[in-house]
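Only one structure is covered here, and it is reproduced in the block below.
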Amino acid sequence: MGRFSRRLRRLAPPPRVVDWAILAVVASAVATGLLAWTGWLPPALLVDLHGIVGVTLAGLLLFKFARVARRVLDRGGWDRATPVSVLLGVVAVAALVSGAFWGLGGNVPLGPWTTLSAHVGLGLLVVPILLLHLRSRMRLPTRTDASRRSALRLGGLLVAGTIAWRLSEAAASLGGATIADTGSKPTGDLYDTETEGGSFPVTSWVADDPDPIDRSDWTLTVAGLEGEGVELTYGDLLAAAGDERRATLDCTSGWYTVQEWQGLRVGDLLDGAGVDASADGADTDARWVRFVSVTGYRWSLPIDEARDALLSTAIDGSRLAHGHGGPARLVAPGRRGFQWVKWVERVELRREPDPAQWLVTLISGFD
Ligand code: HEM
Ligand SMILES: Nc1nc2c(c(=O)[nH]1)N[C@H]1C(S)=C(S)[C@@H](COP(=O)(O)O)O[C@H]1N2
Ligand SMILES: [Mo]
């Protein structure tokens with residue numbers, strides 16, 4: 001151990017270079033992770049970047065821990081800021097380990113939480129602890145830190161990180177892991193789908209849990225820009241529905257499932273209600289379509305994408321169960337699961353996007 005850490009210390013770039021590289025790498029890991037996980041940007045490239053910076057962070061932390069080990073192990077060397085540093089080390093290592101474990105095919109569920117959820121939580125927790133750490137420990141790099149030698153060592157570390165990431169991906173697929181670019185796995189890898197009726201989990205994000213909806217009471221409002229529109233009954237909707245999509249529901253908690261969804265194409269719904277003049281080539285201000293749940297939960301899609309989405313009333317020919325959003329839910333192919341609004345009661349045209357929807361998905365269902 002002593003020999004190993006001495007060798008590490010000799011290989012390491014200067015302390016401030018390591019620390020600032022850690023800062024850059026943590027910021028990239030959080031950014032790529034969040035962008036890929038929320039589906040903000042197409043995840044294919046991001047997920048590779050996320051893995052590469054993750055592996056690189058592990059290398060940088062080895063340098064760092066070899067440097068500070070003596071001070072941390074010697075209680076006499078502690079000051080007021082040291083406990084925060086130690087906590088940061090623990091949380092950062094836990095974030096790395098949980099990410100690698102999930103990526104290599106593992107999962108240890110904790111209640112409703114998958115190891116992916118734990119990884120996201122730990123990764124986000126690093127941010128405030130790191131800010132505290134910086135408050136007491138940040139030192140600006142000096143001229144002499146910025147040497148060619150340090151740059152080469154950091155570059156070497158990134159290359160090593162990239163190779164290690166590729167190897168780990170190969171190992172994961174040899175081990176039979178079928179992980180999507182979003183980081184999700186097929187439901188069958190995570191749940192006993194036998195006991196769940198061959199089906200997929202009912203998930204809410206975060207607290208939405210309405211009472212079952214009586215289909216004979218339920219109506220669907222389809223509204224235009226000025227609030228004009230029509231109300232459909234469940235029977236009206238079924239009579240119009242004749243469409244089908246094979247689409248992947250991919251939940252941010254880490255699972256995905258491919259299903260056949262039946263229902264009504266949203267473009268046909270809008271045209272039937274006579275609210276979307278753009279369908280006749282008219283120039284209108286309608287740019288977005290918002291889907292609102294009985295709970296207030298909502299999401300909006302750009303109008304062209306929305307027209308091609310499905311308002312689904314059934315899966316595989318069976319009427320949509322309450323938990324899955326019956327009487328009707330949005331099926332938005334290519335979008336993350338949290339955007340597939342369940343228990344839809346209102347579909348409306350809008351001029352503007354709806355930034356508050358991000359917050360509403362978090363707080364809907366809390367009283
Ligand atoms: C995940 C990220 C990080 C972890 C896990 C981490 C962990 C630690 C630990 C365990 C110590 C030793 C205890 C102590 O002296 O307080 C330490 C010290 C220190 N850290 Fe960090 N740190 C991280 C990021 C950073 C960053 C981004 C900077 C600056 C840009 C930084 C600058 C320092 C400095 C200046 C020290 C004092 C010890 C020395 O210079 O040898 N750390 N860190
Ligand atoms: N109204 C409403 N719709 C919702 C949610 C919710 O909490 N409320 N959860 C979303 C999330 S996070 C996912 S992954 C899918 C889950 O659909 P399922 O329960 O049919 O698996 O529904 C989405 N639609
Ligand atoms: Mo989800």
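All residue names refer to the structure tokens as shown: chains lettered A, B, ... in order, residues numbered from 1 in each chain, ligands numbered from 1 in order.
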Check which residues of chain A sit at most 9 Å from ligand 2 using only C-alpha atoms and all ligand atoms, and return one row each with the closest pair of atoms and their distance in Å to one decimal, ordered by chain and rising number, as a tab-separated table.
```
residue	atom	partner	partner_atom_place_in_ligand_line	distance
A:Phe200	CA	ligand 2	21 (O)	6.2
A:Pro201	CA	ligand 2	21 (O)	5.0
A:Val202	CA	ligand 2	19 (O)	3.4
A:Thr203	CA	ligand 2	19 (O)	3.9
A:Ser204	CA	ligand 2	7 (O)	3.4
A:Trp205	CA	ligand 2	7 (O)	3.8
A:Val206	CA	ligand 2	7 (O)	5.5
A:Ala207	CA	ligand 2	7 (O)	6.3
A:Asp208	CA	ligand 2	7 (O)	4.5
A:Asp209	CA	ligand 2	7 (O)	7.2
A:Pro210	CA	ligand 2	1 (N)	8.5
A:Leu249	CA	ligand 2	14 (S)	7.0
A:Asp250	CA	ligand 2	14 (S)	6.3
A:Cys251	CA	ligand 2	14 (S)	3.8
A:Thr252	CA	ligand 2	14 (S)	6.4
A:Ser253	CA	ligand 2	14 (S)	7.3
A:Gly254	CA	ligand 2	14 (S)	9.0
A:Trp255	CA	ligand 2	14 (S)	8.4
A:Tyr256	CA	ligand 2	14 (S)	8.6
A:Thr257	CA	ligand 2	21 (O)	8.7
A:Val292	CA	ligand 2	1 (N)	7.7
A:Ser293	CA	ligand 2	1 (N)	4.9
A:Val294	CA	ligand 2	1 (N)	7.1
A:Thr295	CA	ligand 2	1 (N)	6.0
A:Gly296	CA	ligand 2	1 (N)	7.1
A:Tyr297	CA	ligand 2	1 (N)	4.8
A:Arg298	CA	ligand 2	1 (N)	6.8
A:Trp299	CA	ligand 2	3 (N)	9.0
A:Leu320	CA	ligand 2	20 (O)	8.8
A:Ala321	CA	ligand 2	20 (O)	8.5
A:His322	CA	ligand 2	20 (O)	8.8
A:Gly323	CA	ligand 2	19 (O)	5.7
A:His324	CA	ligand 2	20 (O)	3.4
A:Gly325	CA	ligand 2	20 (O)	6.2
A:Arg329	CA	ligand 2	3 (N)	7.7
A:Leu330	CA	ligand 2	24 (N)	8.0
A:Arg336	CA	ligand 2	14 (S)	7.2
A:Gly337	CA	ligand 2	14 (S)	3.8
A:Phe338	CA	ligand 2	11 (C)	3.6
A:Gln339	CA	ligand 2	23 (C)	5.8
A:Trp340	CA	ligand 2	24 (N)	4.7
A:Val341	CA	ligand 2	3 (N)	3.8
A:Lys342	CA	ligand 2	3 (N)	3.7
A:Trp343	CA	ligand 2	1 (N)	5.7
A:Val344	CA	ligand 2	1 (N)	7.2
A:Thr361	CA	ligand 2	7 (O)	6.8
A:Leu362	CA	ligand 2	7 (O)	8.3
A:Ser364	CA	ligand 2	8 (N)	7.4
A:Gly365	CA	ligand 2	7 (O)	7.9
```
Could those residues be written to a file, using C-alpha atoms, as a JSON list (two decimals), in the first residue's frame?
```json
[["chain", "number", "residue", "atom", "x", "y", "z"],
["A", 200, "PHE", "CA", -44.26, -3.60, -16.57],
["A", 201, "PRO", "CA", -44.23, -1.52, -13.40],
["A", 202, "VAL", "CA", -46.72, 1.18, -12.54],
["A", 203, "THR", "CA", -44.62, 4.25, -11.83],
["A", 204, "SER", "CA", -45.39, 7.72, -10.69],
["A", 205, "TRP", "CA", -43.04, 10.60, -10.53],
["A", 206, "VAL", "CA", -43.19, 11.70, -7.71],
["A", 207, "ALA", "CA", -46.41, 11.61, -5.72],
["A", 208, "ASP", "CA", -49.20, 11.41, -8.29],
["A", 209, "ASP", "CA", -51.76, 8.82, -7.23],
["A", 210, "PRO", "CA", -55.34, 9.74, -8.21],
["A", 249, "LEU", "CA", -41.66, 3.42, -22.45],
["A", 250, "ASP", "CA", -38.35, 4.30, -20.79],
["A", 251, "CYS", "CA", -38.51, 5.43, -17.17],
["A", 252, "THR", "CA", -35.79, 7.53, -15.54],
["A", 253, "SER", "CA", -35.71, 5.07, -12.65],
["A", 254, "GLY", "CA", -33.93, 2.74, -15.05],
["A", 255, "TRP", "CA", -36.24, 0.35, -16.89],
["A", 256, "TYR", "CA", -37.75, 0.24, -20.35],
["A", 257, "THR", "CA", -40.45, -1.83, -22.01],
["A", 292, "VAL", "CA", -52.89, 17.82, -18.83],
["A", 293, "SER", "CA", -53.68, 15.06, -16.34],
["A", 294, "VAL", "CA", -56.62, 15.01, -13.92],
["A", 295, "THR", "CA", -53.94, 15.55, -11.26],
["A", 296, "GLY", "CA", -52.55, 18.68, -12.91],
["A", 297, "TYR", "CA", -49.40, 16.85, -14.04],
["A", 298, "ARG", "CA", -48.68, 17.96, -17.59],
["A", 299, "TRP", "CA", -46.27, 18.00, -20.50],
["A", 320, "LEU", "CA", -55.50, 0.67, -20.24],
["A", 321, "ALA", "CA", -55.44, -0.15, -16.52],
["A", 322, "HIS", "CA", -55.84, 2.65, -13.99],
["A", 323, "GLY", "CA", -52.20, 2.46, -12.92],
["A", 324, "HIS", "CA", -51.00, 2.87, -16.47],
["A", 325, "GLY", "CA", -53.07, 6.02, -17.00],
["A", 329, "ARG", "CA", -52.52, 8.48, -21.61],
["A", 330, "LEU", "CA", -49.99, 10.10, -23.87],
["A", 336, "ARG", "CA", -38.67, 9.83, -21.55],
["A", 337, "GLY", "CA", -41.36, 8.05, -19.54],
["A", 338, "PHE", "CA", -42.08, 11.01, -17.27],
["A", 339, "GLN", "CA", -43.34, 12.91, -20.32],
["A", 340, "TRP", "CA", -45.96, 10.26, -21.13],
["A", 341, "VAL", "CA", -48.74, 11.97, -19.16],
["A", 342, "LYS", "CA", -51.22, 9.52, -17.59],
["A", 343, "TRP", "CA", -54.93, 10.13, -16.90],
["A", 344, "VAL", "CA", -55.13, 12.86, -19.58],
["A", 361, "THR", "CA", -43.95, 16.90, -12.52],
["A", 362, "LEU", "CA", -42.02, 17.06, -9.24],
["A", 364, "SER", "CA", -47.94, 17.15, -8.52],
["A", 365, "GLY", "CA", -49.75, 14.91, -6.05]]
```
Any chance you could list, as an MDAnalysis selection string, the residues in range 186-326 of chain A that come up helix (DSSP H, G or I) when DSSP is run on the backbone? chainID A and resid 187:190 234:240 266:273 277:280 303:308 322:324
Residues near Asp217 in chain A, anyone? I mean within 12 Å using only C-alpha atoms, not counting same-chain ones fewer than 5 positions away, as a list in words. Pro212, Glu231, Leu232, Thr233, Tyr234, Gly235, Pro327 and Glu345 of chain A
12 Å contact set for range 88-90 of chain A, only C-alpha atoms, chain neighbours under 5 positions out, as a ChimeraX atom specification: /A:57-58,61-62,64-65,68-69,72,81-83,95-97,122-134
Just write the chosen residues, N, CA, C and O atoms, as a short mmCIF file (atom, residue, chain, number, x, y, z; two decimals), in the first residue's frame.
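Output (out.cif):
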```cif
data_model
loop_
_atom_site.label_atom_id
_atom_site.label_comp_id
_atom_site.auth_asym_id
_atom_site.auth_seq_id
_atom_site.Cartn_x
_atom_site.Cartn_y
_atom_site.Cartn_z
N LEU A 57 -12.46 10.39 -13.57
CA LEU A 57 -12.59 10.89 -12.19
C LEU A 57 -12.03 9.87 -11.20
O LEU A 57 -11.33 10.23 -10.24
N ALA A 58 -12.33 8.60 -11.45
CA ALA A 58 -11.81 7.56 -10.56
C ALA A 58 -10.28 7.63 -10.51
O ALA A 58 -9.68 7.56 -9.43
N LEU A 61 -9.14 10.71 -8.60
CA LEU A 61 -9.35 10.58 -7.15
C LEU A 61 -8.28 9.69 -6.52
O LEU A 61 -7.89 9.90 -5.37
N LEU A 62 -7.78 8.70 -7.30
CA LEU A 62 -6.68 7.89 -6.77
C LEU A 62 -5.47 8.77 -6.48
O LEU A 62 -4.87 8.68 -5.40
N LYS A 64 -5.50 11.92 -5.90
CA LYS A 64 -5.82 12.84 -4.81
C LYS A 64 -5.75 12.13 -3.45
O LYS A 64 -5.17 12.64 -2.50
N PHE A 65 -6.34 10.94 -3.40
CA PHE A 65 -6.36 10.23 -2.12
C PHE A 65 -4.94 9.84 -1.70
O PHE A 65 -4.61 9.89 -0.51
N VAL A 68 -3.52 12.99 -0.04
CA VAL A 68 -4.03 13.47 1.25
C VAL A 68 -4.14 12.38 2.30
O VAL A 68 -4.49 12.67 3.44
N ALA A 69 -3.84 11.12 1.90
CA ALA A 69 -4.08 9.99 2.81
C ALA A 69 -3.43 10.21 4.17
O ALA A 69 -4.08 10.03 5.21
N VAL A 72 -5.24 12.69 6.35
CA VAL A 72 -6.58 12.28 6.81
C VAL A 72 -6.47 11.18 7.87
O VAL A 72 -7.22 11.14 8.83
N ALA A 81 -12.61 21.82 8.42
CA ALA A 81 -13.13 21.50 7.09
C ALA A 81 -12.89 20.04 6.71
O ALA A 81 -13.45 19.56 5.73
N THR A 82 -12.10 19.33 7.49
CA THR A 82 -11.75 17.96 7.10
C THR A 82 -12.95 17.00 7.06
O THR A 82 -13.05 16.20 6.13
N PRO A 83 -13.88 17.09 8.03
CA PRO A 83 -15.02 16.16 7.94
C PRO A 83 -15.80 16.30 6.63
O PRO A 83 -16.23 15.29 6.06
N ALA A 95 -20.91 7.30 -5.50
CA ALA A 95 -21.52 7.64 -6.79
C ALA A 95 -20.82 6.88 -7.92
O ALA A 95 -21.47 6.32 -8.81
N LEU A 96 -19.49 6.84 -7.86
CA LEU A 96 -18.73 6.12 -8.91
C LEU A 96 -19.03 4.63 -8.88
O LEU A 96 -19.28 4.00 -9.92
N VAL A 97 -19.02 4.06 -7.68
CA VAL A 97 -19.22 2.61 -7.56
C VAL A 97 -20.63 2.22 -8.01
O VAL A 97 -20.82 1.26 -8.76
N LEU A 122 -26.75 10.17 -5.52
CA LEU A 122 -25.40 10.37 -4.98
C LEU A 122 -24.62 11.38 -5.83
O LEU A 122 -23.92 12.25 -5.31
N GLY A 123 -24.78 11.27 -7.15
CA GLY A 123 -24.07 12.19 -8.05
C GLY A 123 -24.51 13.63 -7.82
O GLY A 123 -23.68 14.54 -7.80
N LEU A 124 -25.81 13.82 -7.61
CA LEU A 124 -26.29 15.19 -7.36
C LEU A 124 -25.85 15.68 -5.98
O LEU A 124 -25.58 16.86 -5.79
N LEU A 125 -25.76 14.74 -5.03
CA LEU A 125 -25.35 15.10 -3.68
C LEU A 125 -23.89 15.58 -3.64
O LEU A 125 -23.50 16.38 -2.78
N VAL A 126 -23.09 15.10 -4.59
CA VAL A 126 -21.69 15.54 -4.66
C VAL A 126 -21.61 17.06 -4.81
O VAL A 126 -20.74 17.71 -4.23
N VAL A 127 -22.57 17.65 -5.56
CA VAL A 127 -22.45 19.07 -5.91
C VAL A 127 -22.43 19.99 -4.69
O VAL A 127 -21.47 20.76 -4.52
N PRO A 128 -23.45 19.93 -3.79
CA PRO A 128 -23.38 20.85 -2.64
C PRO A 128 -22.19 20.57 -1.73
O PRO A 128 -21.59 21.51 -1.19
N ILE A 129 -21.83 19.28 -1.57
CA ILE A 129 -20.70 18.97 -0.67
C ILE A 129 -19.40 19.50 -1.28
O ILE A 129 -18.53 20.04 -0.59
N LEU A 130 -19.29 19.38 -2.60
CA LEU A 130 -18.10 19.88 -3.28
C LEU A 130 -18.00 21.41 -3.14
O LEU A 130 -16.93 21.96 -2.94
N LEU A 131 -19.16 22.08 -3.23
CA LEU A 131 -19.13 23.55 -3.07
C LEU A 131 -18.64 23.93 -1.67
O LEU A 131 -17.85 24.86 -1.51
N LEU A 132 -19.08 23.17 -0.66
CA LEU A 132 -18.60 23.43 0.71
C LEU A 132 -17.09 23.21 0.80
O LEU A 132 -16.36 23.99 1.43
N HIS A 133 -16.64 22.14 0.18
CA HIS A 133 -15.22 21.79 0.18
C HIS A 133 -14.40 22.92 -0.47
O HIS A 133 -13.35 23.31 0.04
N LEU A 134 -14.92 23.45 -1.58
CA LEU A 134 -14.22 24.52 -2.29
C LEU A 134 -14.11 25.76 -1.42
O LEU A 134 -13.12 26.48 -1.46
#
```
Among range 163-306 of chain A, which residues does DSSP mark as strand (DSSP E) when it is run on the backbone? Keep the chain and numbering as in the structure and answer as a PyMOL selection string. chain A and resi 185-186+219-223+229-233+243-250+255-265+288-293+298-302
Restricting it to C-alpha atoms, dump the selection as a PDB file, in the first residue's frame.
```pdb
ATOM      1  CA  LYS A 185     -32.514  -1.889 -18.782  1.00  0.00           C
ATOM      2  CA  PRO A 186     -35.357  -4.135 -19.966  1.00  0.00           C
ATOM      3  CA  THR A 219     -64.540  13.619 -20.517  1.00  0.00           C
ATOM      4  CA  LEU A 220     -61.642  14.749 -22.644  1.00  0.00           C
ATOM      5  CA  THR A 221     -61.452  18.451 -23.471  1.00  0.00           C
ATOM      6  CA  VAL A 222     -59.691  19.414 -26.701  1.00  0.00           C
ATOM      7  CA  ALA A 223     -59.033  23.155 -26.753  1.00  0.00           C
ATOM      8  CA  GLY A 229     -63.026  23.437 -28.388  1.00  0.00           C
ATOM      9  CA  VAL A 230     -64.978  20.298 -27.764  1.00  0.00           C
ATOM     10  CA  GLU A 231     -65.581  17.733 -25.042  1.00  0.00           C
ATOM     11  CA  LEU A 232     -65.400  14.077 -25.920  1.00  0.00           C
ATOM     12  CA  THR A 233     -66.788  11.195 -23.932  1.00  0.00           C
ATOM     13  CA  ASP A 243     -54.317   3.703 -34.529  1.00  0.00           C
ATOM     14  CA  GLU A 244     -51.436   1.681 -33.134  1.00  0.00           C
ATOM     15  CA  ARG A 245     -47.798   2.348 -32.212  1.00  0.00           C
ATOM     16  CA  ARG A 246     -45.044   0.042 -31.135  1.00  0.00           C
ATOM     17  CA  ALA A 247     -43.169   2.280 -28.731  1.00  0.00           C
ATOM     18  CA  THR A 248     -40.693   2.104 -25.869  1.00  0.00           C
ATOM     19  CA  LEU A 249     -41.657   3.421 -22.454  1.00  0.00           C
ATOM     20  CA  ASP A 250     -38.348   4.304 -20.788  1.00  0.00           C
ATOM     21  CA  TRP A 255     -36.241   0.353 -16.888  1.00  0.00           C
ATOM     22  CA  TYR A 256     -37.753   0.240 -20.346  1.00  0.00           C
ATOM     23  CA  THR A 257     -40.454  -1.829 -22.007  1.00  0.00           C
ATOM     24  CA  VAL A 258     -41.573  -2.136 -25.629  1.00  0.00           C
ATOM     25  CA  GLN A 259     -45.360  -2.379 -26.022  1.00  0.00           C
ATOM     26  CA  GLU A 260     -48.072  -2.156 -28.670  1.00  0.00           C
ATOM     27  CA  TRP A 261     -50.185   0.871 -27.815  1.00  0.00           C
ATOM     28  CA  GLN A 262     -53.628   1.436 -29.352  1.00  0.00           C
ATOM     29  CA  GLY A 263     -55.478   4.733 -29.404  1.00  0.00           C
ATOM     30  CA  LEU A 264     -56.071   7.893 -31.385  1.00  0.00           C
ATOM     31  CA  ARG A 265     -53.356   9.802 -33.233  1.00  0.00           C
ATOM     32  CA  TRP A 288     -47.167  23.469 -28.879  1.00  0.00           C
ATOM     33  CA  VAL A 289     -49.683  20.957 -27.625  1.00  0.00           C
ATOM     34  CA  ARG A 290     -50.063  20.514 -23.877  1.00  0.00           C
ATOM     35  CA  PHE A 291     -51.378  17.324 -22.283  1.00  0.00           C
ATOM     36  CA  VAL A 292     -52.892  17.817 -18.831  1.00  0.00           C
ATOM     37  CA  SER A 293     -53.682  15.057 -16.341  1.00  0.00           C
ATOM     38  CA  ARG A 298     -48.679  17.961 -17.594  1.00  0.00           C
ATOM     39  CA  TRP A 299     -46.267  17.996 -20.505  1.00  0.00           C
ATOM     40  CA  SER A 300     -46.105  19.847 -23.834  1.00  0.00           C
ATOM     41  CA  LEU A 301     -44.717  18.750 -27.178  1.00  0.00           C
ATOM     42  CA  PRO A 302     -43.903  20.794 -30.301  1.00  0.00           C
TER      43      PRO A 302
END
```
When you look at range 168-178 of chain A with a cut-off of 9 Å (counting only C-alpha atoms), what residues show up, excluding the ones that are within fewer than 5 positions of it in the same chain? I need them as an NGL selection string. :A and (100 or 103-106 or 163 or 184-186 or 189)
Using the selection just defined, write its residues with C-alpha atoms as a PDB file, in the first residue's frame.
```pdb
ATOM      1  CA  ALA A 100     -20.147   1.352 -12.492  1.00  0.00           C
ATOM      2  CA  GLY A 103     -23.467  -0.095 -15.950  1.00  0.00           C
ATOM      3  CA  LEU A 104     -21.876  -3.524 -15.591  1.00  0.00           C
ATOM      4  CA  GLY A 105     -25.302  -5.113 -15.136  1.00  0.00           C
ATOM      5  CA  GLY A 106     -25.896  -5.003 -11.384  1.00  0.00           C
ATOM      6  CA  ILE A 163      -9.978   2.861 -23.168  1.00  0.00           C
ATOM      7  CA  SER A 184     -32.160   1.901 -18.730  1.00  0.00           C
ATOM      8  CA  LYS A 185     -32.514  -1.889 -18.782  1.00  0.00           C
ATOM      9  CA  PRO A 186     -35.357  -4.135 -19.966  1.00  0.00           C
ATOM     10  CA  ASP A 189     -33.638  -7.760 -16.063  1.00  0.00           C
TER      11      ASP A 189
END
```
One decimal, Å: what's the distance from atom 15 (O, counted along the ligand's line) of ligand 1 over to CA of Ala27 in chain A, could you say? 20.8 Å
A:His50, A:Leu310, A:Gly77, A:Asp316 ranked by distance to Val347 in chain A, top pick (using only C-alpha atoms): A:Leu310
Work out how far apart CA of Arg80 in chain A and CA of Asp19 in chain A are and give it in Å to one decimal. 19.7 Å
Which residues are near Arg16 in chain A? Cut-off 10 Å, only C-alpha atoms, ignore same chain within fewer than 3 positions. Put them as a VMD selection string. chain A and resid 13 19 to 22 64 138 to 142 145 to 146
Residues from the last selection, N, CA and C atoms, saved as a PDB file, in the first residue's frame:
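Once written, out-v5.pdb looks like this:
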```
ATOM      1  N   PRO A  13       0.104  14.564 -11.538  1.00  0.00           N
ATOM      2  CA  PRO A  13       0.354  15.977 -11.838  1.00  0.00           C
ATOM      3  C   PRO A  13       0.346  16.757 -10.525  1.00  0.00           C
ATOM      4  N   ASP A  19      -6.614  18.874  -8.642  1.00  0.00           N
ATOM      5  CA  ASP A  19      -7.863  19.378  -8.068  1.00  0.00           C
ATOM      6  C   ASP A  19      -8.731  20.083  -9.103  1.00  0.00           C
ATOM      7  N   TRP A  20      -8.119  20.893  -9.946  1.00  0.00           N
ATOM      8  CA  TRP A  20      -8.929  21.599 -10.948  1.00  0.00           C
ATOM      9  C   TRP A  20      -9.415  20.663 -12.045  1.00  0.00           C
ATOM     10  N   ALA A  21      -8.619  19.650 -12.324  1.00  0.00           N
ATOM     11  CA  ALA A  21      -9.098  18.633 -13.280  1.00  0.00           C
ATOM     12  C   ALA A  21     -10.292  17.896 -12.678  1.00  0.00           C
ATOM     13  N   ILE A  22     -10.232  17.616 -11.370  1.00  0.00           N
ATOM     14  CA  ILE A  22     -11.371  16.972 -10.704  1.00  0.00           C
ATOM     15  C   ILE A  22     -12.607  17.848 -10.831  1.00  0.00           C
ATOM     16  N   LYS A  64      -5.498  11.925  -5.899  1.00  0.00           N
ATOM     17  CA  LYS A  64      -5.822  12.837  -4.808  1.00  0.00           C
ATOM     18  C   LYS A  64      -5.751  12.127  -3.453  1.00  0.00           C
ATOM     19  N   MET A 138     -10.312  25.811  -1.794  1.00  0.00           N
ATOM     20  CA  MET A 138      -9.954  26.186  -3.162  1.00  0.00           C
ATOM     21  C   MET A 138      -8.703  27.072  -3.208  1.00  0.00           C
ATOM     22  N   ARG A 139      -7.754  26.689  -4.056  1.00  0.00           N
ATOM     23  CA  ARG A 139      -6.566  27.504  -4.322  1.00  0.00           C
ATOM     24  C   ARG A 139      -6.481  27.701  -5.824  1.00  0.00           C
ATOM     25  N   LEU A 140      -6.226  28.910  -6.250  1.00  0.00           N
ATOM     26  CA  LEU A 140      -6.084  29.136  -7.698  1.00  0.00           C
ATOM     27  C   LEU A 140      -4.776  28.521  -8.188  1.00  0.00           C
ATOM     28  N   PRO A 141      -4.806  27.952  -9.380  1.00  0.00           N
ATOM     29  CA  PRO A 141      -3.554  27.403  -9.930  1.00  0.00           C
ATOM     30  C   PRO A 141      -2.559  28.537 -10.170  1.00  0.00           C
ATOM     31  N   THR A 142      -1.296  28.218 -10.106  1.00  0.00           N
ATOM     32  CA  THR A 142      -0.267  29.218 -10.388  1.00  0.00           C
ATOM     33  C   THR A 142       0.324  28.960 -11.769  1.00  0.00           C
ATOM     34  N   ASP A 145       2.083  25.640 -12.374  1.00  0.00           N
ATOM     35  CA  ASP A 145       1.257  24.429 -12.480  1.00  0.00           C
ATOM     36  C   ASP A 145       0.987  24.067 -13.938  1.00  0.00           C
ATOM     37  N   ALA A 146       0.885  25.097 -14.771  1.00  0.00           N
ATOM     38  CA  ALA A 146       0.450  24.887 -16.156  1.00  0.00           C
ATOM     39  C   ALA A 146       1.627  24.468 -17.032  1.00  0.00           C
TER      40      ALA A 146
END
```
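Compared by their closest atoms to ligand 3, and using only C-alpha atoms and all ligand atoms, the residues A:Pro112, A:Pro15, A:Pro43, A:Gly76 rank with A:Pro112 nearest.
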Residues near Arg350 in chain A, anyone? I mean within 9 Å using only C-alpha atoms, not counting same-chain ones fewer than 2 positions away, as a PyMOL selection string. chain A and resi 224-225+285-290+300+303+348+352-354
So, counting only C-alpha atoms, which residue among A:Ala29, A:Ala328, A:Leu73, A:Val47 is closest to Trp218 in chain A? A:Ala328
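In this model, the gap between CA of Glu226 in chain A and CA of Thr284 in chain A comes to 11.9 Å.
If only C-alpha atoms and all ligand atoms are the atoms counted, then among A:Thr38, A:Leu311, A:Arg67, A:Ala277 the closest residue to ligand 3 is A:Thr38.
Among the candidates A:Arg70, A:Phe63, A:Asp276, A:Gly39, the one nearest to ligand 3 when counting only C-alpha atoms and all ligand atoms is A:Gly39.
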Choose the residue, out of A:Arg166, A:Trp113, A:Thr144, A:Ala118, that has the smallest atom-to-atom separation from ligand 3; count only C-alpha atoms and all ligand atoms. A:Trp113
